[in-house]
file structure.pdb (PDB, C-alpha atoms and all ligand atoms)
MODEL        1
ATOM      1  CA  MET A   1     -66.937  78.721  -3.413
ATOM      2  CA  LYS A   2     -67.764  82.145  -4.785
ATOM      3  CA  ALA A   3     -69.829  82.009  -7.985
ATOM      4  CA  LYS A   4     -68.713  85.501  -8.841
ATOM      5  CA  LYS A   5     -66.644  87.966  -6.840
ATOM      6  CA  ILE A   6     -68.543  90.912  -5.460
ATOM      7  CA  ILE A   7     -68.390  94.139  -7.382
ATOM      8  CA  ALA A   8     -65.576  96.545  -6.661
ATOM      9  CA  GLY A   9     -67.834  99.179  -5.061
ATOM     10  CA  VAL A  10     -69.121  96.765  -2.441
ATOM     11  CA  ALA A  11     -65.584  95.558  -1.787
ATOM     12  CA  PHE A  12     -64.508  99.154  -1.268
ATOM     13  CA  LEU A  13     -67.305  99.771   1.257
ATOM     14  CA  GLY A  14     -66.358  96.539   3.020
ATOM     15  CA  ALA A  15     -62.753  97.655   3.225
ATOM     16  CA  LEU A  16     -63.829 100.990   4.707
ATOM     17  CA  ALA A  17     -65.923  99.237   7.343
ATOM     18  CA  LEU A  18     -62.956  97.067   8.321
ATOM     19  CA  THR A  19     -60.712 100.103   8.639
ATOM     20  CA  ALA A  20     -63.291 101.993  10.677
ATOM     21  CA  THR A  21     -63.606  99.179  13.227
ATOM     22  CA  GLY A  22     -59.873  98.652  13.364
ATOM     23  CA  CYS A  23     -60.367  95.116  12.094
ATOM     24  CA  ALA A  24     -57.399  93.321  10.534
ATOM     25  CA  GLY A  25     -58.346  92.705   6.915
ATOM     26  CA  GLY A  26     -56.557  91.069   4.034
ATOM     27  CA  GLY A  27     -59.120  91.799   1.363
ATOM     28  CA  GLY A  28     -61.929  89.678   2.744
ATOM     29  CA  SER A  29     -65.332  90.702   3.999
ATOM     30  CA  ALA A  30     -68.581  89.128   5.061
ATOM     31  CA  ALA A  31     -70.059  89.997   1.693
ATOM     32  CA  GLY A  32     -67.071  88.510  -0.157
ATOM     33  CA  GLY A  33     -66.827  85.219   1.743
ATOM     34  CA  ASN A  34     -68.949  82.130   1.340
ATOM     35  CA  GLY A  35     -70.350  83.406  -1.941
ATOM     36  CA  GLY A  36     -71.762  79.986  -2.801
ATOM     37  CA  GLY A  37     -74.458  80.472  -0.174
ATOM     38  CA  ASP A  38     -74.295  76.800   0.864
ATOM     39  CA  GLY A  39     -72.556  77.599   4.161
ATOM     40  CA  VAL A  40     -69.416  75.785   3.064
ATOM     41  CA  ILE A  41     -66.172  77.793   3.058
ATOM     42  CA  THR A  42     -63.781  76.860   0.272
ATOM     43  CA  VAL A  43     -60.185  77.323   1.401
ATOM     44  CA  GLY A  44     -57.075  76.963  -0.725
ATOM     45  CA  PHE A  45     -54.151  75.884   1.443
ATOM     46  CA  ALA A  46     -50.683  76.375  -0.026
ATOM     47  CA  GLN A  47     -48.396  74.147   2.044
ATOM     48  CA  THR A  48     -44.579  74.232   1.671
ATOM     49  CA  GLY A  49     -44.116  70.538   0.866
ATOM     50  CA  SER A  50     -43.451  67.450   2.943
ATOM     51  CA  GLU A  51     -39.862  68.000   4.030
ATOM     52  CA  SER A  52     -40.063  66.953   7.679
ATOM     53  CA  GLY A  53     -41.924  65.158  10.450
ATOM     54  CA  TRP A  54     -43.039  68.597  11.638
ATOM     55  CA  ARG A  55     -44.554  69.318   8.227
ATOM     56  CA  SER A  56     -46.479  66.018   8.201
ATOM     57  CA  ALA A  57     -47.939  66.822  11.632
ATOM     58  CA  ASN A  58     -48.825  70.332  10.479
ATOM     59  CA  THR A  59     -50.537  69.085   7.306
ATOM     60  CA  GLU A  60     -52.506  66.552   9.329
ATOM     61  CA  SER A  61     -53.577  69.220  11.828
ATOM     62  CA  MET A  62     -54.723  71.500   8.995
ATOM     63  CA  LYS A  63     -56.623  68.752   7.149
ATOM     64  CA  GLU A  64     -58.362  67.752  10.352
ATOM     65  CA  ALA A  65     -59.385  71.330  11.183
ATOM     66  CA  PHE A  66     -60.462  72.218   7.625
ATOM     67  CA  SER A  67     -62.688  69.153   7.298
ATOM     68  CA  GLU A  68     -66.108  68.931   5.672
ATOM     69  CA  ALA A  69     -67.553  68.207   9.103
ATOM     70  CA  ASN A  70     -66.239  71.602  10.226
ATOM     71  CA  GLY A  71     -67.872  73.362   7.258
ATOM     72  CA  PHE A  72     -64.894  73.575   4.887
ATOM     73  CA  ASN A  73     -64.044  72.453   1.392
ATOM     74  CA  LEU A  74     -60.232  72.250   1.460
ATOM     75  CA  VAL A  75     -58.216  72.596  -1.734
ATOM     76  CA  PHE A  76     -54.752  71.397  -0.752
ATOM     77  CA  ASN A  77     -51.478  72.044  -2.537
ATOM     78  CA  ALA A  78     -47.950  71.100  -1.409
ATOM     79  CA  ALA A  79     -45.285  72.898  -3.455
ATOM     80  CA  ASP A  80     -42.319  70.596  -2.864
ATOM     81  CA  ASN A  81     -40.453  73.564  -1.347
ATOM     82  CA  LYS A  82     -40.305  75.373  -4.690
ATOM     83  CA  PRO A  83     -41.276  79.037  -4.189
ATOM     84  CA  GLU A  84     -42.367  79.499  -7.847
ATOM     85  CA  ALA A  85     -44.672  76.480  -7.590
ATOM     86  CA  GLN A  86     -46.172  77.878  -4.394
ATOM     87  CA  ILE A  87     -46.829  81.276  -5.995
ATOM     88  CA  ALA A  88     -48.480  79.443  -8.925
ATOM     89  CA  ALA A  89     -50.675  77.506  -6.461
ATOM     90  CA  VAL A  90     -51.850  80.726  -4.804
ATOM     91  CA  ARG A  91     -52.565  82.230  -8.221
ATOM     92  CA  SER A  92     -54.584  79.148  -9.129
ATOM     93  CA  PHE A  93     -56.608  79.483  -5.899
ATOM     94  CA  ILE A  94     -57.383  83.089  -6.912
ATOM     95  CA  ASN A  95     -58.516  81.936 -10.361
ATOM     96  CA  GLN A  96     -60.701  79.264  -8.791
ATOM     97  CA  GLY A  97     -62.389  81.958  -6.680
ATOM     98  CA  VAL A  98     -61.887  80.300  -3.308
ATOM     99  CA  ASP A  99     -63.340  82.045  -0.247
ATOM    100  CA  ALA A 100     -59.985  82.294   1.551
ATOM    101  CA  ILE A 101     -56.355  81.332   1.036
ATOM    102  CA  VAL A 102     -54.136  79.922   3.772
ATOM    103  CA  LEU A 103     -50.445  80.188   3.009
ATOM    104  CA  ALA A 104     -47.456  78.573   4.749
ATOM    105  CA  PRO A 105     -44.819  80.538   2.831
ATOM    106  CA  ILE A 106     -41.659  78.623   1.883
ATOM    107  CA  VAL A 107     -39.629  81.831   1.717
ATOM    108  CA  THR A 108     -40.163  85.323   3.104
ATOM    109  CA  ASP A 109     -39.680  87.402  -0.054
ATOM    110  CA  GLY A 110     -41.434  87.541  -3.409
ATOM    111  CA  TRP A 111     -45.049  87.605  -2.280
ATOM    112  CA  ASP A 112     -46.029  91.224  -2.988
ATOM    113  CA  ASP A 113     -47.540  90.738  -6.452
ATOM    114  CA  VAL A 114     -49.629  87.618  -5.863
ATOM    115  CA  LEU A 115     -50.891  88.824  -2.469
ATOM    116  CA  GLN A 116     -51.944  92.079  -4.135
ATOM    117  CA  GLU A 117     -53.782  89.978  -6.767
ATOM    118  CA  ALA A 118     -55.619  88.135  -3.994
ATOM    119  CA  LYS A 119     -56.532  91.424  -2.355
ATOM    120  CA  ASP A 120     -57.768  92.824  -5.687
ATOM    121  CA  ALA A 121     -59.938  89.699  -6.067
ATOM    122  CA  ASN A 122     -61.263  90.286  -2.527
ATOM    123  CA  ILE A 123     -59.910  86.933  -1.308
ATOM    124  CA  PRO A 124     -58.472  87.134   2.208
ATOM    125  CA  VAL A 125     -55.080  85.534   2.835
ATOM    126  CA  ILE A 126     -54.195  84.064   6.218
ATOM    127  CA  LEU A 127     -50.567  83.135   6.882
ATOM    128  CA  GLU A 128     -49.828  79.955   8.791
ATOM    129  CA  ASP A 129     -46.472  78.843  10.254
ATOM    130  CA  ARG A 130     -43.970  81.223   8.540
ATOM    131  CA  THR A 131     -44.143  84.915   7.670
ATOM    132  CA  VAL A 132     -43.581  87.084   4.598
ATOM    133  CA  SER A 133     -41.832  90.409   4.072
ATOM    134  CA  ALA A 134     -44.773  91.823   2.061
ATOM    135  CA  SER A 135     -46.890  94.635   3.497
ATOM    136  CA  LYS A 136     -49.104  93.591   6.420
ATOM    137  CA  ASP A 137     -52.074  95.101   4.538
ATOM    138  CA  LEU A 138     -51.868  92.185   2.103
ATOM    139  CA  TYR A 139     -52.851  89.512   4.604
ATOM    140  CA  ALA A 140     -55.489  89.327   7.308
ATOM    141  CA  SER A 141     -53.656  87.467  10.044
ATOM    142  CA  TRP A 142     -50.671  85.234  10.827
ATOM    143  CA  ILE A 143     -50.875  82.148  13.041
ATOM    144  CA  GLY A 144     -47.362  80.966  13.840
ATOM    145  CA  LEU A 145     -44.415  80.499  16.132
ATOM    146  CA  ASP A 146     -41.738  82.774  17.569
ATOM    147  CA  PHE A 147     -38.805  81.369  15.576
ATOM    148  CA  LYS A 148     -36.363  83.922  16.961
ATOM    149  CA  LYS A 149     -37.194  82.897  20.516
ATOM    150  CA  GLU A 150     -36.773  79.223  19.540
ATOM    151  CA  GLY A 151     -33.239  80.006  18.282
ATOM    152  CA  GLU A 152     -32.498  82.039  21.413
ATOM    153  CA  THR A 153     -33.656  79.211  23.699
ATOM    154  CA  ALA A 154     -31.423  76.718  21.849
ATOM    155  CA  GLY A 155     -28.489  79.155  21.925
ATOM    156  CA  LYS A 156     -28.955  79.910  25.609
ATOM    157  CA  TRP A 157     -28.780  76.193  26.452
ATOM    158  CA  VAL A 158     -25.566  75.830  24.431
ATOM    159  CA  ALA A 159     -24.106  78.983  25.996
ATOM    160  CA  ASP A 160     -25.026  77.871  29.540
ATOM    161  CA  ASN A 161     -23.518  74.403  29.050
ATOM    162  CA  PHE A 162     -20.478  75.070  26.834
ATOM    163  CA  GLY A 163     -20.011  78.836  26.665
ATOM    164  CA  SER A 164     -17.190  79.136  29.174
ATOM    165  CA  THR A 165     -14.796  76.602  27.556
ATOM    166  CA  PRO A 166     -13.507  76.695  23.951
ATOM    167  CA  THR A 167     -16.189  74.812  21.962
ATOM    168  CA  ASN A 168     -16.470  74.210  18.221
ATOM    169  CA  LEU A 169     -19.962  74.217  16.771
ATOM    170  CA  VAL A 170     -21.468  73.489  13.352
ATOM    171  CA  VAL A 171     -24.920  74.534  12.177
ATOM    172  CA  LEU A 172     -27.412  72.858   9.831
ATOM    173  CA  GLU A 173     -29.673  75.654   8.655
ATOM    174  CA  GLY A 174     -33.237  75.310   7.404
ATOM    175  CA  THR A 175     -34.479  76.403   3.973
ATOM    176  CA  THR A 176     -32.541  79.468   2.867
ATOM    177  CA  GLY A 177     -34.759  82.553   2.832
ATOM    178  CA  SER A 178     -37.442  81.065   5.097
ATOM    179  CA  SER A 179     -38.417  83.042   8.183
ATOM    180  CA  ALA A 180     -37.932  79.871  10.247
ATOM    181  CA  ALA A 181     -34.249  79.625   9.248
ATOM    182  CA  THR A 182     -33.466  83.345   9.297
ATOM    183  CA  ASP A 183     -35.063  84.033  12.684
ATOM    184  CA  ARG A 184     -33.714  80.896  14.372
ATOM    185  CA  ALA A 185     -30.197  81.783  13.189
ATOM    186  CA  SER A 186     -30.466  85.323  14.484
ATOM    187  CA  GLY A 187     -31.867  84.225  17.872
ATOM    188  CA  PHE A 188     -29.193  81.547  18.274
ATOM    189  CA  ASP A 189     -26.325  83.850  17.246
ATOM    190  CA  SER A 190     -27.382  86.532  19.712
ATOM    191  CA  ALA A 191     -27.568  83.973  22.555
ATOM    192  CA  ILE A 192     -24.023  82.608  21.986
ATOM    193  CA  ALA A 193     -22.443  86.009  21.293
ATOM    194  CA  GLY A 194     -19.550  86.805  23.630
ATOM    195  CA  THR A 195     -19.059  83.156  24.722
ATOM    196  CA  ASP A 196     -16.135  80.806  23.962
ATOM    197  CA  ILE A 197     -18.225  79.046  21.298
ATOM    198  CA  LYS A 198     -16.767  79.171  17.804
ATOM    199  CA  VAL A 199     -18.995  78.492  14.787
ATOM    200  CA  LEU A 200     -16.771  76.376  12.511
ATOM    201  CA  ASP A 201     -19.328  76.131   9.701
ATOM    202  CA  SER A 202     -22.985  76.767   8.887
ATOM    203  CA  GLN A 203     -24.773  75.389   5.822
ATOM    204  CA  THR A 204     -28.314  74.652   4.735
ATOM    205  CA  GLY A 205     -29.726  71.149   4.987
ATOM    206  CA  ASN A 206     -33.110  72.329   3.636
ATOM    207  CA  PHE A 207     -34.969  71.025   6.703
ATOM    208  CA  THR A 208     -34.620  67.435   5.361
ATOM    209  CA  ARG A 209     -33.106  64.313   6.876
ATOM    210  CA  ALA A 210     -31.277  63.425   3.642
ATOM    211  CA  ASP A 211     -29.601  66.832   3.276
ATOM    212  CA  GLY A 212     -28.828  66.965   7.004
ATOM    213  CA  LYS A 213     -26.924  63.708   6.601
ATOM    214  CA  THR A 214     -25.053  64.812   3.478
ATOM    215  CA  VAL A 215     -24.009  68.179   4.895
ATOM    216  CA  MET A 216     -22.938  66.614   8.198
ATOM    217  CA  GLU A 217     -20.818  64.080   6.274
ATOM    218  CA  GLY A 218     -19.058  67.053   4.676
ATOM    219  CA  PHE A 219     -18.545  68.739   8.059
ATOM    220  CA  LEU A 220     -17.102  65.518   9.485
ATOM    221  CA  GLN A 221     -14.730  65.086   6.555
ATOM    222  CA  LYS A 222     -13.528  68.658   6.944
ATOM    223  CA  TYR A 223     -13.371  69.077  10.727
ATOM    224  CA  GLY A 224     -13.500  65.497  12.084
ATOM    225  CA  SER A 225     -13.385  65.252  15.871
ATOM    226  CA  GLN A 226     -12.854  69.014  16.241
ATOM    227  CA  ILE A 227     -16.664  69.328  16.219
ATOM    228  CA  ASN A 228     -18.087  69.449  19.745
ATOM    229  CA  VAL A 229     -21.665  70.609  19.166
ATOM    230  CA  LEU A 230     -24.201  70.518  16.324
ATOM    231  CA  PHE A 231     -27.107  72.941  16.195
ATOM    232  CA  ALA A 232     -29.703  71.777  13.623
ATOM    233  CA  HIS A 233     -32.635  74.071  12.786
ATOM    234  CA  ASN A 234     -34.959  71.036  12.929
ATOM    235  CA  ASP A 235     -35.130  67.479  14.234
ATOM    236  CA  ASP A 236     -35.035  65.870  10.789
ATOM    237  CA  MET A 237     -31.672  67.396   9.869
ATOM    238  CA  GLY A 238     -30.385  66.414  13.314
ATOM    239  CA  LEU A 239     -31.568  62.840  12.722
ATOM    240  CA  GLY A 240     -29.817  62.721   9.335
ATOM    241  CA  ALA A 241     -26.650  64.107  10.960
ATOM    242  CA  LEU A 242     -26.918  61.483  13.682
ATOM    243  CA  GLU A 243     -26.561  58.759  11.024
ATOM    244  CA  ALA A 244     -23.483  60.506   9.596
ATOM    245  CA  ILE A 245     -21.937  60.827  13.070
ATOM    246  CA  LYS A 246     -22.482  57.120  13.790
ATOM    247  CA  ALA A 247     -21.063  56.163  10.388
ATOM    248  CA  ALA A 248     -17.951  58.209  11.221
ATOM    249  CA  GLY A 249     -17.449  56.066  14.333
ATOM    250  CA  LEU A 250     -18.497  58.796  16.780
ATOM    251  CA  LYS A 251     -21.186  58.692  19.438
ATOM    252  CA  PRO A 252     -24.032  61.215  18.936
ATOM    253  CA  GLY A 253     -25.034  62.942  22.153
ATOM    254  CA  THR A 254     -21.635  62.199  23.703
ATOM    255  CA  ASP A 255     -18.778  62.887  21.264
ATOM    256  CA  ILE A 256     -20.877  65.469  19.454
ATOM    257  CA  LYS A 257     -23.695  67.114  21.388
ATOM    258  CA  ILE A 258     -26.833  67.710  19.326
ATOM    259  CA  VAL A 259     -29.337  70.530  19.811
ATOM    260  CA  THR A 260     -32.362  70.770  17.526
ATOM    261  CA  ILE A 261     -35.791  72.407  17.108
ATOM    262  CA  ASP A 262     -39.272  70.833  16.603
ATOM    263  CA  ALA A 263     -39.734  68.057  19.212
ATOM    264  CA  VAL A 264     -41.462  65.591  16.875
ATOM    265  CA  LYS A 265     -41.675  61.950  17.973
ATOM    266  CA  ASP A 266     -38.449  60.768  16.281
ATOM    267  CA  GLY A 267     -36.483  63.702  17.675
ATOM    268  CA  MET A 268     -37.872  63.224  21.170
ATOM    269  CA  THR A 269     -37.059  59.497  20.975
ATOM    270  CA  ALA A 270     -33.430  60.327  20.102
ATOM    271  CA  LEU A 271     -33.370  62.785  23.015
ATOM    272  CA  ALA A 272     -34.804  60.249  25.468
ATOM    273  CA  ASN A 273     -32.226  57.700  24.209
ATOM    274  CA  GLY A 274     -29.336  60.092  24.890
ATOM    275  CA  GLU A 275     -28.452  60.641  21.200
ATOM    276  CA  PHE A 276     -29.739  64.235  21.188
ATOM    277  CA  ASN A 277     -29.033  66.616  24.071
ATOM    278  CA  TYR A 278     -31.677  69.349  23.901
ATOM    279  CA  ILE A 279     -34.751  70.146  21.786
ATOM    280  CA  VAL A 280     -36.736  73.350  21.556
ATOM    281  CA  GLU A 281     -40.318  72.665  20.572
ATOM    282  CA  CYS A 282     -41.983  74.163  17.487
ATOM    283  CA  ASN A 283     -45.663  73.329  17.783
ATOM    284  CA  PRO A 284     -47.115  72.143  14.425
ATOM    285  CA  LEU A 285     -50.709  71.877  15.659
ATOM    286  CA  LEU A 286     -51.879  75.150  14.155
ATOM    287  CA  GLY A 287     -54.970  73.837  12.324
ATOM    288  CA  GLU A 288     -57.661  74.571  14.874
ATOM    289  CA  LYS A 289     -56.616  78.185  15.493
ATOM    290  CA  THR A 290     -56.144  78.813  11.778
ATOM    291  CA  ALA A 291     -59.615  77.447  10.948
ATOM    292  CA  GLU A 292     -61.138  79.618  13.670
ATOM    293  CA  VAL A 293     -59.419  82.722  12.265
ATOM    294  CA  VAL A 294     -60.436  81.872   8.682
ATOM    295  CA  LYS A 295     -64.091  81.526   9.723
ATOM    296  CA  LYS A 296     -63.988  84.914  11.432
ATOM    297  CA  VAL A 297     -62.259  86.652   8.532
ATOM    298  CA  VAL A 298     -64.710  85.217   5.993
ATOM    299  CA  ALA A 299     -67.593  86.322   8.224
ATOM    300  CA  GLY A 300     -66.122  89.850   8.318
ATOM    301  CA  GLU A 301     -65.359  89.636  12.039
ATOM    302  CA  SER A 302     -62.353  91.259  13.608
ATOM    303  CA  VAL A 303     -59.201  89.173  14.168
ATOM    304  CA  ASP A 304     -55.747  89.920  15.583
ATOM    305  CA  LYS A 305     -52.931  90.542  13.143
ATOM    306  CA  GLN A 306     -50.944  87.706  14.695
ATOM    307  CA  TYR A 307     -51.402  84.715  16.980
ATOM    308  CA  ILE A 308     -48.211  83.216  18.409
ATOM    309  CA  VAL A 309     -48.387  79.648  19.709
ATOM    310  CA  GLU A 310     -46.172  78.989  22.753
ATOM    311  CA  ASP A 311     -43.307  76.469  22.598
ATOM    312  CA  GLN A 312     -41.620  74.403  25.325
ATOM    313  CA  ALA A 313     -38.067  72.982  25.524
ATOM    314  CA  PHE A 314     -36.796  69.586  26.700
ATOM    315  CA  ASP A 315     -33.590  68.050  27.996
ATOM    316  CA  GLN A 316     -32.979  64.266  28.080
ATOM    317  CA  GLU A 317     -34.680  63.665  31.442
ATOM    318  CA  GLN A 318     -37.725  65.746  30.502
ATOM    319  CA  ALA A 319     -37.989  63.899  27.161
ATOM    320  CA  LYS A 320     -38.142  60.535  28.941
ATOM    321  CA  LYS A 321     -41.066  61.781  31.028
ATOM    322  CA  VAL A 322     -43.192  63.232  28.222
ATOM    323  CA  LEU A 323     -42.304  60.954  25.284
ATOM    324  CA  ASP A 324     -45.341  58.677  25.542
ATOM    325  CA  SER A 325     -47.792  61.547  25.820
ATOM    326  CA  ARG A 326     -46.509  63.560  22.846
ATOM    327  CA  PRO A 327     -49.327  63.987  20.301
ATOM    328  CA  TYR A 328     -47.022  64.104  17.224
TER     329      TYR A 328
HETATM  330  O1  LIG B 401     -41.489  76.418   9.566
HETATM  331  C1  LIG B 401     -41.358  75.417  10.508
HETATM  332  C2  LIG B 401     -40.230  74.497  10.127
HETATM  333  O2  LIG B 401     -40.484  73.943   8.853
HETATM  334  C3  LIG B 401     -40.023  73.299  11.018
HETATM  335  O3  LIG B 401     -39.155  73.513  12.059
HETATM  336  C4  LIG B 401     -39.405  72.347  10.052
HETATM  337  O4  LIG B 401     -39.281  71.038  10.517
HETATM  338  C5  LIG B 401     -40.310  72.549   8.918
HETATM  339  O5  LIG B 401     -40.118  71.872   7.815
ENDMDL
END

call {"tool": "encode", "arguments": {"input": "structure.pdb", "output": "structure tokens", "more": "lines below"}}
Ligand code: AHR
result
Amino acid sequence: MKAKKIIAGVAFLGALALTATGCAGGGGSAAGGNGGGDGVITVGFAQTGSESGWRSANTESMKEAFSEANGFNLVFNAADNKPEAQIAAVRSFINQGVDAIVLAPIVTDGWDDVLQEAKDANIPVILEDRTVSASKDLYASWIGLDFKKEGETAGKWVADNFGSTPTNLVVLEGTTGSSAATDRASGFDSAIAGTDIKVLDSQTGNFTRADGKTVMEGFLQKYGSQINVLFAHNDDMGLGALEAIKAAGLKPGTDIKIVTIDAVKDGMTALANGEFNYIVECNPLLGEKTAEVVKKVVAGESVDKQYIVEDQAFDQEQAKKVLDSRPY
């Protein structure tokens, strides 16, 4: 941890050097990082919360990568999906004088002020998982997934399988205002545009199993057996909906086809069992790459502005084949 932040003049020279070499910088520099001189990098990680199986796998991957054995002192905060609490956590990391901040932003907007504060304190910010709408100058790098492509892949499967006959679809959206929900919705909508698929309803289930179940119960009460397909922005909401569908006396995967995103163990099990129909993967194992980028940024080395981790997609037969070898 930094005993004292470096003086503004040195920070300014550091910033100039980063610009001159075309290096992506978010306020960090070799001089600014690892100020404790003990070789240990103190990282504040602002996680969204613990809303899903994906999130648990992501937290585990991050804790493993940012271990003491790997040269880190991790200060972990999970904000229970409350944006104000997450902003407060980042502000507290700044006050503690950590060497770097890793942020998995709950929502896209509202980050400008606190990211500017981090930059002013010469603490680099690295985004993990989701993105923000704030200026790219305010963070060093983003390690994440192509959420729009995930939505497109899901939508293309629905369009290919049901697009040429009148089909009624409902959507369980992720956290409102998150890049994961916004981009998946836009990718999905563009893929089903111009087909015979009608979106009957679309509501948030906050990426949780409990809310997925509650919202699906409402859809079933309102539309009953008119619903042909459910698109859930993550496995957990799909799994909650699956319970609601069964309770309504319908057969998930048959009476109502279910398409989700994530490919965590429980989702893949439902797919292999025929209760889900298609899953687009969202890889949560971002820890190793993020730790590598943090080390480089703190050392003042050049990093890319973004690293996108590739996703796969699975139908029922493919799920049966890979289920046992899935790492999460
Ligand atoms: O941002 C990634 C999304 O957040 C995952 O799809 C979801 O399960 C999680 O909570």

call {"tool": "resolve_selection", "arguments": {"input": "structure.pdb", "expression": "the PyMOL selection byres (((chain A and resi 289) around 12) and not hetatm)", "output": "ChimeraX atom specification"}}
result
/A:61-62,64-66,126-129,141-144,284-288,290-296,303-304,306-309

call {"tool": "axis_aligned_box", "arguments": {"input": "structure.pdb", "around": "segment 158-173 of chain A", "padding_each_side": "5 Å", "output": "lines of an AutoDock Vina configuration file"}}
result
center_x = -21.6
center_y = 76.0
center_z = 19.1
size_x = 26.2
size_y = 16.3
size_z = 30.9

call {"tool": "residues_near_ligand", "arguments": {"input": "structure.pdb", "ligand": "ligand LIG 401 (chain B)", "cutoff": "10 Å", "atoms": "all atoms listed in the file", "output": "PyMOL selection string"}}
result
chain A and resi 48-58+81+104-107+128-131+144-145+147+150+174-175+178-181+184+206-209+232-237+260-264+280-284

call {"tool": "closest_residue", "arguments": {"input": "structure.pdb", "among": "A:Ala270, A:Leu172, A:Ala118, A:Ala154", "to": "Ala210 of chain A", "atoms": "all atoms listed in the file"}}
result
A:Leu172

call {"tool": "resolve_selection", "arguments": {"input": "structure.pdb", "expression": "the PyMOL selection byres (((chain A and resi 240) around 10) and not hetatm)", "output": "ChimeraX atom specification"}}
result
/A:205,208-217,235-239,241-245

call {"tool": "resolve_selection", "arguments": {"input": "structure.pdb", "expression": "the PyMOL selection byres (((chain A and resi 272) around 12) and not hetatm)", "output": "MDAnalysis selection string"}}
result
chainID A and resid 253 263 265:271 273:279 314:324

call {"tool": "atom_distance", "arguments": {"input": "structure.pdb", "atom1": "atom CA of Asp311 of chain A", "atom2": "atom CA of Ala193 of chain A"}}
result
23.0 Å

call {"tool": "residues_around", "arguments": {"input": "structure.pdb", "residues": "Ser202 of chain A", "least_positions_apart": "2", "cutoff": "8 Å", "atoms": "only C-alpha atoms", "output": "NGL selection string"}}
result
:A and (170-173 or 199-200 or 204)

call {"tool": "write_last_selection", "arguments": {"input": "structure.pdb", "atoms": "C-alpha atoms", "output": "JSON list (two decimals), keeping the file's coordinate frame"}}
result
[["chain", "number", "residue", "atom", "x", "y", "z"],
["A", 170, "VAL", "CA", -21.47, 73.49, 13.35],
["A", 171, "VAL", "CA", -24.92, 74.53, 12.18],
["A", 172, "LEU", "CA", -27.41, 72.86, 9.83],
["A", 173, "GLU", "CA", -29.67, 75.65, 8.65],
["A", 199, "VAL", "CA", -19.00, 78.49, 14.79],
["A", 200, "LEU", "CA", -16.77, 76.38, 12.51],
["A", 204, "THR", "CA", -28.31, 74.65, 4.74]]

call {"tool": "residues_around", "arguments": {"input": "structure.pdb", "residues": "Glu84 of chain A", "least_positions_apart": "2", "cutoff": "12 Å", "atoms": "only C-alpha atoms", "output": "PyMOL selection string"}}
result
chain A and resi 46+48+78-82+86-91+105-107+109-111+114

call {"tool": "write_last_selection", "arguments": {"input": "structure.pdb", "atoms": "C-alpha atoms", "output": "short mmCIF file (atom, residue, chain, number, x, y, z; two decimals), in the coordinates of the input"}}
result
data_model
loop_
_atom_site.label_atom_id
_atom_site.label_comp_id
_atom_site.auth_asym_id
_atom_site.auth_seq_id
_atom_site.Cartn_x
_atom_site.Cartn_y
_atom_site.Cartn_z
CA ALA A 46 -50.68 76.38 -0.03
CA THR A 48 -44.58 74.23 1.67
CA ALA A 78 -47.95 71.10 -1.41
CA ALA A 79 -45.28 72.90 -3.46
CA ASP A 80 -42.32 70.60 -2.86
CA ASN A 81 -40.45 73.56 -1.35
CA LYS A 82 -40.30 75.37 -4.69
CA GLN A 86 -46.17 77.88 -4.39
CA ILE A 87 -46.83 81.28 -6.00
CA ALA A 88 -48.48 79.44 -8.93
CA ALA A 89 -50.68 77.51 -6.46
CA VAL A 90 -51.85 80.73 -4.80
CA ARG A 91 -52.56 82.23 -8.22
CA PRO A 105 -44.82 80.54 2.83
CA ILE A 106 -41.66 78.62 1.88
CA VAL A 107 -39.63 81.83 1.72
CA ASP A 109 -39.68 87.40 -0.05
CA GLY A 110 -41.43 87.54 -3.41
CA TRP A 111 -45.05 87.60 -2.28
CA VAL A 114 -49.63 87.62 -5.86
#

call {"tool": "residues_around", "arguments": {"input": "structure.pdb", "residues": "Ile197 of chain A", "least_positions_apart": "6", "cutoff": "8 Å", "atoms": "all atoms listed in the file", "output": "list in words"}}
result
Ala159, Phe162, Gly163, Ser164, Thr165, Pro166, Thr167, Asn168 and Leu169 of chain A

call {"tool": "write_last_selection", "arguments": {"input": "structure.pdb", "atoms": "C-alpha atoms", "output": "mmCIF file, in the coordinates of the input"}}
result
data_model
loop_
_atom_site.group_PDB
_atom_site.id
_atom_site.type_symbol
_atom_site.label_atom_id
_atom_site.label_comp_id
_atom_site.auth_asym_id
_atom_site.auth_seq_id
_atom_site.Cartn_x
_atom_site.Cartn_y
_atom_site.Cartn_z
ATOM 1 C CA ALA A 159 -24.106 78.983 25.996
ATOM 2 C CA PHE A 162 -20.478 75.070 26.834
ATOM 3 C CA GLY A 163 -20.011 78.836 26.665
ATOM 4 C CA SER A 164 -17.190 79.136 29.174
ATOM 5 C CA THR A 165 -14.796 76.602 27.556
ATOM 6 C CA PRO A 166 -13.507 76.695 23.951
ATOM 7 C CA THR A 167 -16.189 74.812 21.962
ATOM 8 C CA ASN A 168 -16.470 74.210 18.221
ATOM 9 C CA LEU A 169 -19.962 74.217 16.771
#

call {"tool": "atom_distance", "arguments": {"input": "structure.pdb", "atom1": "atom CA of Asp120 of chain A", "atom2": "atom CA of Asp99 of chain A"}}
result
13.3 Å
